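Okay, run_34.pdb is below, PDB, C-alpha atoms:
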ATOM      1  CA  MET A  25     -55.638-164.671-197.386
ATOM      2  CA  LYS A  26     -54.113-163.142-200.515
ATOM      3  CA  ASP A  27     -51.753-160.238-199.933
ATOM      4  CA  LYS A  28     -53.933-157.798-201.875
ATOM      5  CA  HIS A  29     -56.947-158.725-199.727
ATOM      6  CA  ARG A  30     -55.294-157.887-196.412
ATOM      7  CA  PRO A  31     -56.887-154.947-194.506
ATOM      8  CA  LEU A  32     -55.168-151.600-195.070
ATOM      9  CA  LYS A  33     -52.563-153.241-197.311
ATOM     10  CA  HIS A  34     -53.061-150.840-200.238
ATOM     11  CA  HIS A  35     -53.654-147.085-200.246
ATOM     12  CA  ARG A  36     -53.070-147.025-196.511
ATOM     13  CA  PHE A  37     -53.526-143.297-195.985
ATOM     14  CA  VAL A  38     -56.781-143.102-197.967
ATOM     15  CA  SER A  39     -58.035-146.378-196.524
ATOM     16  CA  ALA A  40     -57.243-145.400-192.935
ATOM     17  CA  ALA A  41     -58.755-141.920-193.346
ATOM     18  CA  ALA A  42     -61.977-143.298-194.846
ATOM     19  CA  PHE A  43     -62.119-146.018-192.170
ATOM     20  CA  VAL A  44     -61.778-143.565-189.256
ATOM     21  CA  LEU A  45     -64.302-141.121-190.743
ATOM     22  CA  LEU A  46     -66.906-143.794-191.469
ATOM     23  CA  VAL A  47     -66.477-145.481-188.081
ATOM     24  CA  ALA A  48     -67.067-142.127-186.375
ATOM     25  CA  ALA A  49     -70.082-141.457-188.623
ATOM     26  CA  PHE A  50     -71.456-144.937-187.854
ATOM     27  CA  VAL A  51     -71.181-144.377-184.102
ATOM     28  CA  LEU A  52     -72.918-140.984-184.301
ATOM     29  CA  LEU A  53     -75.712-142.253-186.560
ATOM     30  CA  LEU A  54     -76.162-145.303-184.325
ATOM     31  CA  PHE A  55     -76.510-143.087-181.256
ATOM     32  CA  VAL A  56     -79.245-141.095-182.987
ATOM     33  CA  ALA A  57     -80.918-144.253-184.322
ATOM     34  CA  LEU A  58     -81.057-145.501-180.708
ATOM     35  CA  SER A  59     -82.053-142.147-179.271
ATOM     36  CA  LEU A  60     -84.568-141.390-176.514
ATOM     37  CA  PRO A  61     -85.957-143.313-174.701
ATOM     38  CA  ILE A  62     -83.206-145.928-175.314
ATOM     39  CA  ILE A  63     -80.337-143.405-175.062
ATOM     40  CA  LYS A  64     -82.066-140.648-173.129
ATOM     41  CA  PRO A  65     -79.466-137.854-173.538
ATOM     42  CA  VAL A  66     -79.905-138.061-177.337
ATOM     43  CA  TYR A  67     -83.149-136.653-178.749
ATOM     44  CA  LEU A  68     -84.222-134.811-181.901
ATOM     45  CA  LEU A  69     -86.307-131.941-180.576
ATOM     46  CA  ALA A  70     -87.805-130.630-177.381
ATOM     47  CA  VAL A  71     -90.975-128.662-176.772
ATOM     48  CA  ARG A  72     -90.851-126.739-173.521
ATOM     49  CA  SER A  73     -92.941-124.195-171.681
ATOM     50  CA  THR A  74     -91.612-120.631-171.494
ATOM     51  CA  LEU A  75     -94.049-119.453-168.809
ATOM     52  CA  THR A  76     -92.377-118.119-165.664
ATOM     53  CA  GLY A  77     -93.536-117.344-162.161
ATOM     54  CA  GLN A  78     -95.795-120.384-161.844
ATOM     55  CA  VAL A  79     -95.817-122.753-158.864
ATOM     56  CA  PRO A  80     -93.980-126.001-159.845
ATOM     57  CA  THR A  81     -96.346-128.954-160.344
ATOM     58  CA  ASN A  82     -96.302-132.460-161.825
ATOM     59  CA  ILE A  83     -97.810-131.176-165.069
ATOM     60  CA  ALA A  84     -95.482-131.782-168.025
ATOM     61  CA  THR A  85     -93.605-128.636-168.989
ATOM     62  CA  GLU A  86     -91.146-130.218-171.450
ATOM     63  CA  LEU A  87     -91.471-132.959-174.040
ATOM     64  CA  ARG A  88     -88.380-134.499-175.627
ATOM     65  CA  PHE A  89     -88.869-136.485-178.819
ATOM     66  CA  GLY A  90     -86.558-139.293-179.894
ATOM     67  CA  VAL A  91     -86.675-141.804-182.709
ATOM     68  CA  TRP A  92     -88.302-144.496-180.559
ATOM     69  CA  GLY A  93     -90.363-142.544-178.037
ATOM     70  CA  VAL A  94     -91.060-139.381-176.099
ATOM     71  CA  CYS A  95     -90.325-138.324-172.511
ATOM     72  CA  ALA A  96     -92.444-135.835-170.555
ATOM     73  CA  SER A  97     -90.868-133.923-167.658
ATOM     74  CA  SER A  98     -92.213-131.447-165.133
ATOM     75  CA  ALA A  99     -90.713-128.487-163.324
ATOM     76  CA  LEU A 100     -90.469-130.598-160.165
ATOM     77  CA  ASP A 101     -88.013-132.983-161.845
ATOM     78  CA  PRO A 102     -86.560-131.151-164.846
ATOM     79  CA  PRO A 103     -84.324-133.069-167.279
ATOM     80  CA  THR A 104     -80.642-132.281-167.717
ATOM     81  CA  SER A 105     -78.287-132.791-170.632
ATOM     82  CA  LEU A 106     -77.411-136.291-169.377
ATOM     83  CA  THR A 107     -80.502-137.435-167.447
ATOM     84  CA  ASN A 108     -84.232-137.548-167.963
ATOM     85  CA  ASN A 109     -86.250-138.896-165.062
ATOM     86  CA  GLY A 110     -89.616-137.936-166.485
ATOM     87  CA  GLU A 111     -92.277-140.306-167.741
ATOM     88  CA  CYS A 112     -91.133-141.923-171.008
ATOM     89  CA  PHE A 113     -93.295-143.675-173.588
ATOM     90  CA  GLY A 114     -91.488-146.308-175.637
ATOM     91  CA  PRO A 115     -89.384-147.690-177.132
ATOM     92  CA  MET A 116     -92.028-148.416-179.741
ATOM     93  CA  LEU A 117     -91.975-148.913-183.478
ATOM     94  CA  SER A 118     -93.887-146.035-185.111
ATOM     95  CA  TYR A 119     -95.046-144.807-181.728
ATOM     96  CA  ASP A 120     -98.078-142.617-181.079
ATOM     97  CA  ILE A 121     -97.436-139.553-178.959
ATOM     98  CA  PRO A 122     -99.569-139.873-175.788
ATOM     99  CA  GLN A 123    -102.470-137.453-175.602
ATOM    100  CA  ASN A 124    -102.399-136.585-171.907
ATOM    101  CA  PRO A 125     -98.932-134.962-171.764
ATOM    102  CA  THR A 126     -99.509-132.999-174.963
ATOM    103  CA  ASP A 127    -102.888-131.757-173.773
ATOM    104  CA  LEU A 128    -101.393-130.629-170.488
ATOM    105  CA  ALA A 129     -98.539-128.913-172.302
ATOM    106  CA  GLY A 130    -101.018-127.102-174.552
ATOM    107  CA  ILE A 131     -99.923-128.680-177.868
ATOM    108  CA  SER A 132    -102.653-129.040-180.471
ATOM    109  CA  PRO A 133    -103.454-132.429-182.145
ATOM    110  CA  SER A 134    -102.457-131.087-185.586
ATOM    111  CA  ILE A 135     -98.913-130.387-184.386
ATOM    112  CA  VAL A 136     -98.729-133.805-182.746
ATOM    113  CA  GLN A 137     -99.812-135.480-185.993
ATOM    114  CA  ALA A 138     -97.183-133.619-188.021
ATOM    115  CA  VAL A 139     -94.445-134.634-185.585
ATOM    116  CA  GLU A 140     -95.603-138.263-185.616
ATOM    117  CA  GLN A 141     -95.448-138.444-189.423
ATOM    118  CA  GLY A 142     -91.984-136.927-189.468
ATOM    119  CA  LEU A 143     -90.735-139.289-186.767
ATOM    120  CA  LEU A 144     -91.986-142.309-188.752
ATOM    121  CA  VAL A 145     -89.796-141.319-191.714
ATOM    122  CA  VAL A 146     -86.845-140.630-189.415
ATOM    123  CA  LEU A 147     -87.322-144.025-187.733
ATOM    124  CA  VAL A 148     -86.835-145.760-191.087
ATOM    125  CA  LEU A 149     -83.950-143.669-192.444
ATOM    126  CA  HIS A 150     -81.690-143.409-189.380
ATOM    127  CA  PRO A 151     -80.939-147.178-189.184
ATOM    128  CA  ILE A 152     -80.495-147.286-192.985
ATOM    129  CA  ALA A 153     -77.893-144.498-192.873
ATOM    130  CA  ALA A 154     -76.117-146.237-189.977
ATOM    131  CA  GLY A 155     -76.144-149.518-191.917
ATOM    132  CA  PHE A 156     -74.598-147.895-194.998
ATOM    133  CA  SER A 157     -71.840-146.343-192.878
ATOM    134  CA  PHE A 158     -71.125-149.743-191.275
ATOM    135  CA  LEU A 159     -70.765-151.357-194.694
ATOM    136  CA  GLY A 160     -68.660-148.400-195.841
ATOM    137  CA  PHE A 161     -66.013-148.607-193.111
ATOM    138  CA  ILE A 162     -65.712-152.391-193.613
ATOM    139  CA  THR A 163     -65.087-152.085-197.374
ATOM    140  CA  SER A 164     -62.739-149.110-196.920
ATOM    141  CA  CYS A 165     -60.201-151.500-195.372
ATOM    142  CA  PHE A 166     -59.889-153.503-198.612
ATOM    143  CA  LEU A 167     -59.129-151.007-201.361
ATOM    144  CA  GLY A 168     -56.570-153.180-203.164
ATOM    145  CA  PRO A 169     -58.846-154.908-205.722
ATOM    146  CA  HIS A 170     -60.274-152.398-208.181
ATOM    147  CA  GLY A 171     -63.811-153.796-207.899
ATOM    148  CA  ILE A 172     -63.871-153.443-204.117
ATOM    149  CA  ALA A 173     -62.469-149.897-204.359
ATOM    150  CA  ILE A 174     -65.328-148.924-206.693
ATOM    151  CA  PHE A 175     -67.867-150.658-204.440
ATOM    152  CA  ALA A 176     -66.459-148.850-201.395
ATOM    153  CA  LEU A 177     -66.805-145.500-203.176
ATOM    154  CA  VAL A 178     -70.418-146.259-204.176
ATOM    155  CA  VAL A 179     -71.319-147.330-200.628
ATOM    156  CA  THR A 180     -69.666-144.217-199.190
ATOM    157  CA  ILE A 181     -71.620-141.982-201.575
ATOM    158  CA  LEU A 182     -74.877-143.742-200.637
ATOM    159  CA  THR A 183     -74.004-143.265-196.958
ATOM    160  CA  ALA A 184     -73.397-139.552-197.484
ATOM    161  CA  ILE A 185     -76.665-139.154-199.413
ATOM    162  CA  ALA A 186     -78.672-141.097-196.810
ATOM    163  CA  ALA A 187     -77.139-139.110-193.944
ATOM    164  CA  THR A 188     -77.834-135.830-195.763
ATOM    165  CA  VAL A 189     -81.467-136.808-196.342
ATOM    166  CA  VAL A 190     -81.807-137.753-192.657
ATOM    167  CA  LEU A 191     -80.360-134.394-191.620
ATOM    168  CA  ALA A 192     -82.736-132.545-193.961
ATOM    169  CA  ILE A 193     -85.750-134.397-192.539
ATOM    170  CA  ASP A 194     -84.601-133.824-188.956
ATOM    171  CA  LEU A 195     -84.221-130.100-189.624
ATOM    172  CA  ALA A 196     -87.570-129.918-191.419
ATOM    173  CA  LEU A 197     -89.268-131.716-188.524
ATOM    174  CA  VAL A 198     -87.988-129.209-185.974
ATOM    175  CA  ILE A 199     -88.615-126.156-188.163
ATOM    176  CA  ILE A 200     -92.181-127.206-189.039
ATOM    177  CA  ALA A 201     -93.007-127.950-185.396
ATOM    178  CA  ARG A 202     -91.483-124.615-184.343
ATOM    179  CA  ASN A 203     -93.431-122.623-186.937
ATOM    180  CA  ASN A 204     -96.720-124.331-186.097
ATOM    181  CA  ILE A 205     -96.302-123.740-182.389
ATOM    182  CA  ILE A 206     -95.282-120.099-182.884
ATOM    183  CA  ASP A 207     -98.385-119.578-185.037
ATOM    184  CA  GLU A 208    -100.736-121.176-182.516
ATOM    185  CA  ILE A 209     -99.109-120.466-179.147
ATOM    186  CA  PRO A 210     -96.485-117.750-179.683
ATOM    187  CA  TYR A 211     -95.839-116.829-176.068
ATOM    188  CA  SER A 212     -95.984-120.001-173.974
ATOM    189  CA  LEU A 213     -94.021-122.728-175.837
ATOM    190  CA  GLU A 214     -90.713-123.015-177.671
ATOM    191  CA  VAL A 215     -89.174-125.717-179.851
ATOM    192  CA  VAL A 216     -85.434-126.324-179.631
ATOM    193  CA  PHE A 217     -83.012-128.562-181.491
ATOM    194  CA  GLY A 218     -81.912-131.667-179.642
ATOM    195  CA  PRO A 219     -78.333-133.017-179.627
ATOM    196  CA  GLY A 220     -79.355-135.661-182.146
ATOM    197  CA  ILE A 221     -79.493-132.998-184.879
ATOM    198  CA  TRP A 222     -75.887-131.942-184.231
ATOM    199  CA  LEU A 223     -74.702-135.561-184.135
ATOM    200  CA  VAL A 224     -76.266-136.176-187.552
ATOM    201  CA  LEU A 225     -74.699-132.946-188.864
ATOM    202  CA  ALA A 226     -71.255-134.146-187.734
ATOM    203  CA  ALA A 227     -71.896-137.565-189.315
ATOM    204  CA  VAL A 228     -72.859-135.913-192.626
ATOM    205  CA  ALA A 229     -69.626-133.903-192.666
ATOM    206  CA  MET A 230     -67.570-137.038-191.950
ATOM    207  CA  THR A 231     -69.248-139.142-194.644
ATOM    208  CA  TRP A 232     -68.703-136.489-197.328
ATOM    209  CA  LEU A 233     -65.043-136.227-196.275
ATOM    210  CA  ALA A 234     -64.849-140.018-196.663
ATOM    211  CA  VAL A 235     -66.330-139.671-200.165
ATOM    212  CA  ILE A 236     -63.590-137.180-201.041
ATOM    213  CA  ALA A 237     -60.943-139.524-199.619
ATOM    214  CA  ASN A 238     -62.206-142.553-201.540
ATOM    215  CA  ASP A 239     -62.577-140.526-204.722
ATOM    216  CA  ARG A 240     -58.826-139.806-204.660
ATOM    217  CA  LEU A 241     -58.373-143.415-205.776
ATOM    218  CA  GLY A 242     -60.240-142.694-208.964
ATOM    219  CA  ARG A 243     -58.108-139.844-210.303
ATOM    220  CA  LYS A 244     -57.066-140.044-213.965
ATOM    221  CA  VAL A 245     -53.652-139.327-215.450
ATOM    222  CA  ARG A 246     -53.095-138.807-219.170
ATOM    223  CA  VAL A 247     -49.551-139.310-220.469
ATOM    224  CA  LYS A 248     -47.885-139.159-223.895
ATOM    225  CA  CYS A 249     -45.747-142.151-224.811
ATOM    226  CA  ASP A 250     -44.608-144.276-227.749
ATOM    227  CA  SER A 251     -45.788-147.763-228.591
ATOM    228  CA  GLU A 252     -42.207-148.997-228.308
ATOM    229  CA  ASP A 253     -41.877-147.692-224.764
ATOM    230  CA  THR A 254     -41.827-150.318-222.066
ATOM    231  CA  VAL A 255     -44.273-150.502-219.185
ATOM    232  CA  GLY A 256     -41.412-149.356-216.956
ATOM    233  CA  ASP A 257     -41.014-146.215-219.110
ATOM    234  CA  LEU A 258     -44.743-145.562-218.823
ATOM    235  CA  LYS A 259     -44.509-145.826-215.027
ATOM    236  CA  LYS A 260     -41.750-143.214-214.981
ATOM    237  CA  LEU A 261     -43.923-140.814-217.016
ATOM    238  CA  ILE A 262     -46.822-141.376-214.613
ATOM    239  CA  ALA A 263     -44.524-140.864-211.623
ATOM    240  CA  ALA A 264     -43.344-137.540-213.050
ATOM    241  CA  GLN A 265     -46.956-136.271-213.142
ATOM    242  CA  THR A 266     -48.242-137.723-209.894
ATOM    243  CA  GLY A 267     -45.159-137.506-207.680
ATOM    244  CA  THR A 268     -45.503-141.212-206.857
ATOM    245  CA  ASN A 269     -42.423-143.427-206.788
ATOM    246  CA  ALA A 270     -42.354-145.336-210.100
ATOM    247  CA  ALA A 271     -41.246-148.500-208.301
ATOM    248  CA  LYS A 272     -44.473-148.473-206.272
ATOM    249  CA  ILE A 273     -46.805-148.075-209.269
ATOM    250  CA  GLN A 274     -48.601-151.178-210.549
ATOM    251  CA  LEU A 275     -50.460-151.117-213.863
ATOM    252  CA  LYS A 276     -53.272-153.575-214.509
ATOM    253  CA  LYS A 277     -56.154-154.295-216.836
ATOM    254  CA  TRP A 278     -58.681-156.554-215.181
ATOM    255  CA  TYR A 279     -56.543-159.411-213.823
ATOM    256  CA  THR A 280     -53.518-158.841-216.064
ATOM    257  CA  ILE A 281     -50.531-157.218-214.335
ATOM    258  CA  TYR A 282     -48.228-155.500-216.815
ATOM    259  CA  LYS A 283     -44.502-156.271-216.481
ATOM    260  CA  ASP A 284     -41.929-153.501-216.681
ATOM    261  CA  HIS A 285     -39.680-154.945-219.425
ATOM    262  CA  ILE A 286     -42.432-155.591-221.999
ATOM    263  CA  THR A 287     -43.322-152.890-224.540
ATOM    264  CA  LEU A 288     -46.735-151.312-224.850
ATOM    265  CA  SER A 289     -47.148-152.641-228.392
ATOM    266  CA  ASP A 290     -46.566-156.208-227.186
ATOM    267  CA  TYR A 291     -49.440-155.718-224.724
ATOM    268  CA  GLU A 292     -51.497-154.112-227.518
ATOM    269  CA  ILE A 293     -51.815-150.944-225.493
ATOM    270  CA  HIS A 294     -52.841-148.188-227.869
ATOM    271  CA  ASP A 295     -53.746-144.498-227.828
ATOM    272  CA  GLY A 296     -56.783-143.689-225.682
ATOM    273  CA  MET A 297     -56.674-146.970-223.776
ATOM    274  CA  SER A 298     -57.298-146.803-220.010
ATOM    275  CA  LEU A 299     -55.285-148.789-217.500
ATOM    276  CA  GLU A 300     -55.785-149.360-213.798
ATOM    277  CA  MET A 301     -53.106-147.832-211.582
ATOM    278  CA  TYR A 302     -52.356-148.958-208.049
TER
END
Rewrite the structure of this file - the entire thing - as structure tokens.
Amino acid sequence: MKDKHRPLKHHRFVSAAAFVLLVAAFVLLLFVALSLPIIKPVYLLAVRSTLTGQVPTNIATELRFGVWGVCASSALDPPTSLTNNGECFGPMLSYDIPQNPTDLAGISPSIVQAVEQGLLVVLVLHPIAAGFSFLGFITSCFLGPHGIAIFALVVTILTAIAATVVLAIDLALVIIARNNIIDEIPYSLEVVFGPGIWLVLAAVAMTWLAVIANDRLGRKVRVKCDSEDTVGDLKKLIAAQTGTNAAKIQLKKWYTIYKDHITLSDYEIHDGMSLEMY
């Protein structure tokens, strides 16, 4: 393996920061993509009864909706933050919410249909966002070649956009369901955010931080120099502006690495020309 292709060989701080952020974002997005009923503690929203003073029965009093299914629980065996022993439906691709639990909970078919449509979109986008973050943290380890650095930045931006869209849809799904239920049954049911929403929110923050980290590689420096200056002189001028050690700066154009003792005019470097700095 060439030295420049070794993981974390170049731009170690930026590369390591982007790697850690995108790995964490990948794990969080994967948890949500594999939410209830696969990972039962992770769900997007819950619809629960707010009636008090009733005798506990087996009738469903809480529905928790995940990406792949729904779980119905009663007051006799209420779910906790880590367990859900109720009756679960799924995992299923583009699942239909069962009619019996929703009828018993007092949820109208129109609300059920709106939730189903929203969950179908979420089902598609959550794995896509997780896939982008996986590709992002792999490429963030190899920021030496300029082409890979640009590709890593593009992938990171796409990850951040996909995660943001997922978060917006998740929020819209909960808010729409909450508003519809409040309009139809204002006193007996409530809709609450599930932990999946907060996991996606954390993943969005991490991916945008990774975008900022990767973008640091693309900063531009404009310097004034003479055509008879050597490449080494140009490095010293760049070092004075960036605070980087001149000995650690490498100037390239495509696959040509400029040598310190050769003048800019010999390389035909002229005013307004852009070089790649590593």
Specify as an mmCIF file with C-alpha atoms, keeping the file's coordinate frame each residue included when the PyMOL selection byres ((chain A and resi 45-57) around 7) is applied to this file.
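Once written, selection_26.cif looks like this:
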data_model
loop_
_atom_site.group_PDB
_atom_site.id
_atom_site.type_symbol
_atom_site.label_atom_id
_atom_site.label_comp_id
_atom_site.auth_asym_id
_atom_site.auth_seq_id
_atom_site.Cartn_x
_atom_site.Cartn_y
_atom_site.Cartn_z
ATOM 1 C CA ALA A 41 -58.755 -141.920 -193.346
ATOM 2 C CA ALA A 42 -61.977 -143.298 -194.846
ATOM 3 C CA PHE A 43 -62.119 -146.018 -192.170
ATOM 4 C CA VAL A 44 -61.778 -143.565 -189.256
ATOM 5 C CA LEU A 58 -81.057 -145.501 -180.708
ATOM 6 C CA SER A 59 -82.053 -142.147 -179.271
ATOM 7 C CA VAL A 66 -79.905 -138.061 -177.337
ATOM 8 C CA VAL A 91 -86.675 -141.804 -182.709
ATOM 9 C CA HIS A 150 -81.690 -143.409 -189.380
ATOM 10 C CA PRO A 151 -80.939 -147.178 -189.184
ATOM 11 C CA ALA A 154 -76.117 -146.237 -189.977
ATOM 12 C CA SER A 157 -71.840 -146.343 -192.878
ATOM 13 C CA PHE A 158 -71.125 -149.743 -191.275
ATOM 14 C CA GLY A 160 -68.660 -148.400 -195.841
ATOM 15 C CA PHE A 161 -66.013 -148.607 -193.111
ATOM 16 C CA GLY A 220 -79.355 -135.661 -182.146
ATOM 17 C CA LEU A 223 -74.702 -135.561 -184.135
ATOM 18 C CA VAL A 224 -76.266 -136.176 -187.552
ATOM 19 C CA ALA A 227 -71.896 -137.565 -189.315
ATOM 20 C CA MET A 230 -67.570 -137.038 -191.950
ATOM 21 C CA THR A 231 -69.248 -139.142 -194.644
ATOM 22 C CA ALA A 234 -64.849 -140.018 -196.663
#
| request: Can you turn the PyMOL selection byres ((chain A and resi 257) around 12) into a concrete residue list for this file, as JSON, numbers by chain? | output: {"A": [247, 248, 249, 250, 251, 252, 253, 254, 255, 256, 258, 259, 260, 261, 262, 263, 264, 270, 271, 273, 275, 282, 283, 284, 285, 286, 287, 288]}
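CA of Ala229 (chain A) to CA of Ala186 (chain A) spans 12.3 Å [interatomic distance, one decimal].
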| field | Coordinates-based distance that separates CA of Val178 (chain A) from CA of Lys272 (chain A) (Å, one decimal) | value | 26.1 Å
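One distance worth recording is that between CA of Ser298 (chain A) and CA of Leu233 (chain A), which is 27.1 Å.
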| task | Check which residues satisfy the PyMOL selection byres ((chain A and resi 217) around 10) in the file shown, then give them as number ranges by chain. | result | A: 67-71, 88, 194-195, 197-199, 202, 215-216, 218-222
| Exercise: region 101-108 of chain A partners within 10 Å, all atoms listed in the file, chain neighbours under 6 positions left out, as number ranges by chain | A: 60-61, 63-66, 80-82, 84-88, 95, 218-219
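Counting all atoms listed in the file, Gln274 (chain A) has the following residues at most 8 Å away, ignoring those fewer than 5 positions along the same chain: Ile281, Tyr282, Met301 and Tyr302 of chain A.
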Put those residues in a file: C-alpha atoms, as a PDB file, in the coordinates of the input.
ATOM      1  CA  ILE A 281     -50.531-157.218-214.335  1.00  0.00           C
ATOM      2  CA  TYR A 282     -48.228-155.500-216.815  1.00  0.00           C
ATOM      3  CA  MET A 301     -53.106-147.832-211.582  1.00  0.00           C
ATOM      4  CA  TYR A 302     -52.356-148.958-208.049  1.00  0.00           C
TER       5      TYR A 302
END
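If you measure from each of A:Leu177, A:Leu75, A:Cys112, A:Ala196 to Ile162 (chain A) using all atoms listed in the file, the closest one turns out to be A:Leu177.
Closest approach to Leu225 (chain A) among A:Thr268, A:Thr188, A:Ser289, A:Ser164: A:Thr188, based on all atoms listed in the file.
Nearest residue to Pro115 (chain A) among A:Gly267, A:Phe175, A:Val94, A:Ile293 is A:Val94, counting only C-alpha atoms.
Closest approach to Ile172 (chain A) among A:Leu159, A:Ala192, A:Ile200, A:Met297: A:Leu159, based on all atoms listed in the file.
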